[in-house]
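Asks: Quick one: the structure is below, and I'll ask about it shortly.
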Amino acid sequence: MQVHPLHPVILIIGLFFALRRMSVSLRGLDQHPGVDAAAFEDWKARARKAYGLGMSACFGRVLLDYALAYLFARSAPPLAVMKGIGIALELALVALVVVSYLRVRKVHAFARDVGVEPRVASQP
(Lines give C-alpha, C1' and ligand atoms only; values in the text may rest on other atoms or scores of the structure.)
Protein backbone atom coordinates (compact mmCIF):
# COMPACT_ATOMS: atom_id res chain seq x y z
CA MET A 1 0.00 0.00 0.00
CA GLN A 2 1.42 3.36 -0.98
CA VAL A 3 0.49 6.82 0.20
CA HIS A 4 -1.37 9.00 -2.28
CA PRO A 5 0.96 11.87 -3.26
CA LEU A 6 -1.71 14.46 -2.43
CA HIS A 7 -2.50 13.19 1.07
CA PRO A 8 -0.21 15.75 2.77
CA VAL A 9 -1.85 18.58 0.82
CA ILE A 10 -5.35 17.28 1.54
CA LEU A 11 -4.52 16.97 5.25
CA ILE A 12 -3.14 20.52 5.38
CA ILE A 13 -6.28 21.90 3.71
CA GLY A 14 -8.40 19.89 6.16
CA LEU A 15 -6.35 21.26 9.03
CA PHE A 16 -7.00 24.84 7.86
CA PHE A 17 -10.74 24.13 7.77
CA ALA A 18 -10.54 22.56 11.25
CA LEU A 19 -8.64 25.52 12.71
CA ARG A 20 -11.10 28.03 11.28
CA ARG A 21 -14.03 25.98 12.61
CA MET A 22 -12.41 25.90 16.04
CA SER A 23 -11.84 29.66 15.88
CA VAL A 24 -15.52 30.23 15.11
CA SER A 25 -16.58 27.87 17.91
CA LEU A 26 -14.51 29.79 20.46
CA ARG A 27 -16.02 33.17 19.62
CA GLY A 28 -18.63 34.55 21.97
CA LEU A 29 -21.24 37.25 21.71
CA ASP A 30 -19.37 39.26 24.36
CA GLN A 31 -16.51 39.71 21.85
CA HIS A 32 -18.87 41.43 19.41
CA PRO A 33 -20.75 44.21 21.21
CA GLY A 34 -23.71 45.61 19.35
CA VAL A 35 -24.39 42.42 17.39
CA ASP A 36 -27.86 40.89 17.71
CA ALA A 37 -27.70 37.62 19.66
CA ALA A 38 -29.92 35.71 17.20
CA ALA A 39 -27.90 36.94 14.20
CA PHE A 40 -24.65 36.00 15.97
CA GLU A 41 -25.84 32.48 16.71
CA ASP A 42 -27.10 32.14 13.12
CA TRP A 43 -23.70 33.25 11.80
CA LYS A 44 -21.89 30.89 14.15
CA ALA A 45 -23.99 27.88 13.09
CA ARG A 46 -23.56 28.68 9.39
CA ALA A 47 -19.82 29.16 9.73
CA ARG A 48 -19.33 25.93 11.68
CA LYS A 49 -21.29 24.00 9.03
CA ALA A 50 -19.36 25.56 6.14
CA TYR A 51 -15.95 24.86 7.68
CA GLY A 52 -17.10 21.44 8.90
CA LEU A 53 -18.01 20.38 5.37
CA GLY A 54 -14.53 21.13 4.07
CA MET A 55 -12.86 19.55 7.08
CA SER A 56 -14.96 16.38 6.82
CA ALA A 57 -14.37 16.11 3.09
CA CYS A 58 -10.60 16.30 3.47
CA PHE A 59 -10.17 14.00 6.47
CA GLY A 60 -12.84 11.61 5.21
CA ARG A 61 -11.10 11.35 1.87
CA VAL A 62 -7.82 10.28 3.45
CA LEU A 63 -9.55 7.73 5.69
CA LEU A 64 -11.55 6.39 2.76
CA ASP A 65 -8.35 6.01 0.72
CA TYR A 66 -6.80 3.83 3.42
CA ALA A 67 -9.98 1.80 3.85
CA LEU A 68 -10.20 1.18 0.10
CA ALA A 69 -6.51 0.30 -0.09
CA TYR A 70 -7.04 -2.30 2.64
CA LEU A 71 -10.15 -3.63 0.91
CA PHE A 72 -8.51 -3.77 -2.51
CA ALA A 73 -5.43 -5.53 -1.09
CA ARG A 74 -7.67 -8.42 -0.08
CA SER A 75 -9.59 -8.74 -3.35
CA ALA A 76 -8.71 -6.28 -6.08
CA PRO A 77 -11.33 -5.37 -8.68
CA PRO A 78 -10.27 -4.79 -12.28
CA LEU A 79 -7.87 -1.89 -12.83
CA ALA A 80 -10.48 0.13 -14.72
CA VAL A 81 -12.86 -0.08 -11.73
CA MET A 82 -10.13 1.02 -9.32
CA LYS A 83 -9.20 3.97 -11.55
CA GLY A 84 -12.85 4.93 -11.90
CA ILE A 85 -13.30 4.91 -8.14
CA GLY A 86 -10.13 6.98 -7.73
CA ILE A 87 -11.24 9.59 -10.26
CA ALA A 88 -14.70 9.77 -8.70
CA LEU A 89 -13.15 10.33 -5.26
CA GLU A 90 -10.89 13.09 -6.61
CA LEU A 91 -13.82 14.85 -8.25
CA ALA A 92 -15.98 14.49 -5.15
CA LEU A 93 -13.25 15.97 -2.95
CA VAL A 94 -12.75 18.94 -5.27
CA ALA A 95 -16.51 19.52 -5.50
CA LEU A 96 -16.98 19.40 -1.72
CA VAL A 97 -14.05 21.75 -1.07
CA VAL A 98 -15.37 24.22 -3.68
CA VAL A 99 -18.88 24.07 -2.18
CA SER A 100 -17.40 24.61 1.27
CA TYR A 101 -15.36 27.57 0.04
CA LEU A 102 -18.43 29.15 -1.57
CA ARG A 103 -20.41 28.69 1.64
CA VAL A 104 -17.58 30.24 3.65
CA ARG A 105 -17.63 33.28 1.37
CA LYS A 106 -21.38 33.65 1.91
CA VAL A 107 -20.91 33.32 5.67
CA HIS A 108 -18.24 36.06 5.61
CA ALA A 109 -20.62 38.35 3.71
CA PHE A 110 -23.36 37.59 6.26
CA ALA A 111 -20.90 38.30 9.10
CA ARG A 112 -20.15 41.72 7.61
CA ASP A 113 -23.87 42.43 7.26
CA VAL A 114 -24.66 41.63 10.90
CA GLY A 115 -21.52 43.27 12.30
CA VAL A 116 -19.49 40.25 13.36
CA GLU A 117 -16.72 41.18 10.90
CA PRO A 118 -15.77 44.73 10.00
CA ARG A 119 -16.63 46.05 6.58
CA VAL A 120 -13.68 46.62 4.28
CA ALA A 121 -13.34 50.29 3.35
CA SER A 122 -13.33 50.88 -0.38
CA GLN A 123 -10.21 52.51 -1.79
CA PRO A 124 -10.49 55.60 -4.01
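Chains: A, B, ... in order of the C-alpha coordinates. Residues: from 1 per chain. Ligands: from 1, in order shown.
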Produce a table with one row for each residue of range 52-86 of chain A that has an atom at most 10 Å from any atom of range 10-33 of chain A, each row naming the nearest atom pair and its distance in Å at one decimal; use only C-alpha atoms; arrange rows by chain and rising residue number; format as JSON lines.

Replies:
{"residue": "A:Gly52", "atom": "CA", "partner": "A:Arg21", "partner_atom": "CA", "distance": 6.6}
{"residue": "A:Leu53", "atom": "CA", "partner": "A:Phe17", "partner_atom": "CA", "distance": 8.5}
{"residue": "A:Gly54", "atom": "CA", "partner": "A:Phe17", "partner_atom": "CA", "distance": 6.1}
{"residue": "A:Met55", "atom": "CA", "partner": "A:Gly14", "partner_atom": "CA", "distance": 4.6}
{"residue": "A:Ser56", "atom": "CA", "partner": "A:Gly14", "partner_atom": "CA", "distance": 7.5}
{"residue": "A:Ala57", "atom": "CA", "partner": "A:Gly14", "partner_atom": "CA", "distance": 7.7}
{"residue": "A:Cys58", "atom": "CA", "partner": "A:Gly14", "partner_atom": "CA", "distance": 5.0}
{"residue": "A:Phe59", "atom": "CA", "partner": "A:Gly14", "partner_atom": "CA", "distance": 6.2}
{"residue": "A:Gly60", "atom": "CA", "partner": "A:Gly14", "partner_atom": "CA", "distance": 9.4}
{"residue": "A:Arg61", "atom": "CA", "partner": "A:Ile10", "partner_atom": "CA", "distance": 8.3}
{"residue": "A:Val62", "atom": "CA", "partner": "A:Ile10", "partner_atom": "CA", "distance": 7.7}

Asks: Take the residues just selected and output them with N, CA and C atoms as a tab-separated table (two decimals), in the first residue's frame.

Replies:
chain	number	residue	atom	x	y	z
A	52	GLY	N	-17.00	22.87	8.61
A	52	GLY	CA	-17.10	21.44	8.90
A	52	GLY	C	-17.21	20.59	7.65
A	53	LEU	N	-17.90	21.11	6.64
A	53	LEU	CA	-18.01	20.38	5.37
A	53	LEU	C	-16.64	20.17	4.73
A	54	GLY	N	-15.87	21.24	4.66
A	54	GLY	CA	-14.53	21.13	4.07
A	54	GLY	C	-13.62	20.24	4.88
A	55	MET	N	-13.68	20.37	6.20
A	55	MET	CA	-12.86	19.55	7.08
A	55	MET	C	-13.22	18.07	6.94
A	56	SER	N	-14.51	17.77	6.94
A	56	SER	CA	-14.96	16.38	6.82
A	56	SER	C	-14.60	15.79	5.47
A	57	ALA	N	-14.71	16.60	4.43
A	57	ALA	CA	-14.37	16.11	3.09
A	57	ALA	C	-12.90	15.72	3.00
A	58	CYS	N	-12.03	16.57	3.55
A	58	CYS	CA	-10.60	16.30	3.47
A	58	CYS	C	-10.19	15.09	4.31
A	59	PHE	N	-10.57	15.10	5.59
A	59	PHE	CA	-10.17	14.00	6.47
A	59	PHE	C	-10.87	12.70	6.07
A	60	GLY	N	-12.12	12.80	5.65
A	60	GLY	CA	-12.84	11.61	5.21
A	60	GLY	C	-12.23	10.99	3.97
A	61	ARG	N	-11.74	11.85	3.09
A	61	ARG	CA	-11.10	11.35	1.87
A	61	ARG	C	-9.87	10.52	2.20
A	62	VAL	N	-9.04	11.01	3.09
A	62	VAL	CA	-7.82	10.28	3.45
A	62	VAL	C	-8.19	8.95	4.12

Asks: Can you pull out every residue within 8 Å of Val107 in chain A, counting only C-alpha atoms, but drop anything in the same chain fewer than 6 positions away, and send it as a list in words?

Replies: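 Selected residues are Trp43, Arg46, Ala47 and Ala50 of chain A.
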
Asks: Return the single residue from A:Val94, A:Val35, A:Leu68, A:Met82 that is closest to Arg112 in chain A, with distances computed using only C-alpha atoms.

Replies: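 Going through A:Val94, A:Val35, A:Leu68, A:Met82 one by one, the smallest distance to Arg112 in chain A is for A:Val35.
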
Asks: When distances are computed from only C-alpha atoms, which of A:Leu102, A:Val120, A:Ala111, A:Leu89 shows the smallest separation from Tyr51 in chain A?

Replies: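 Counting only C-alpha atoms, the residue closest to Tyr51 in chain A is A:Leu102.
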
Asks: Would you mind writing down, as an MDAnalysis selection string, each residue of chain A that DSSP on the backbone assigns to alpha helix (DSSP H)?

Replies: chainID A and resid 7:26 37:74 79:114

Asks: May I have the residues within 12 Å of His4 in chain A as a ChimeraX atom specification, using only C-alpha atoms and disregarding those fewer than 2 positions away in the same chain?

Replies: /A:1-2,6-11,61-66,69,86,90

Asks: Have a look at A:Lys49, A:Ala37, A:Lys83, A:Ser75 and name the one nearest to Val104 in chain A; count only C-alpha atoms.

Replies: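 Comparing A:Lys49, A:Ala37, A:Lys83, A:Ser75 against Val104 in chain A, the winner is A:Lys49.
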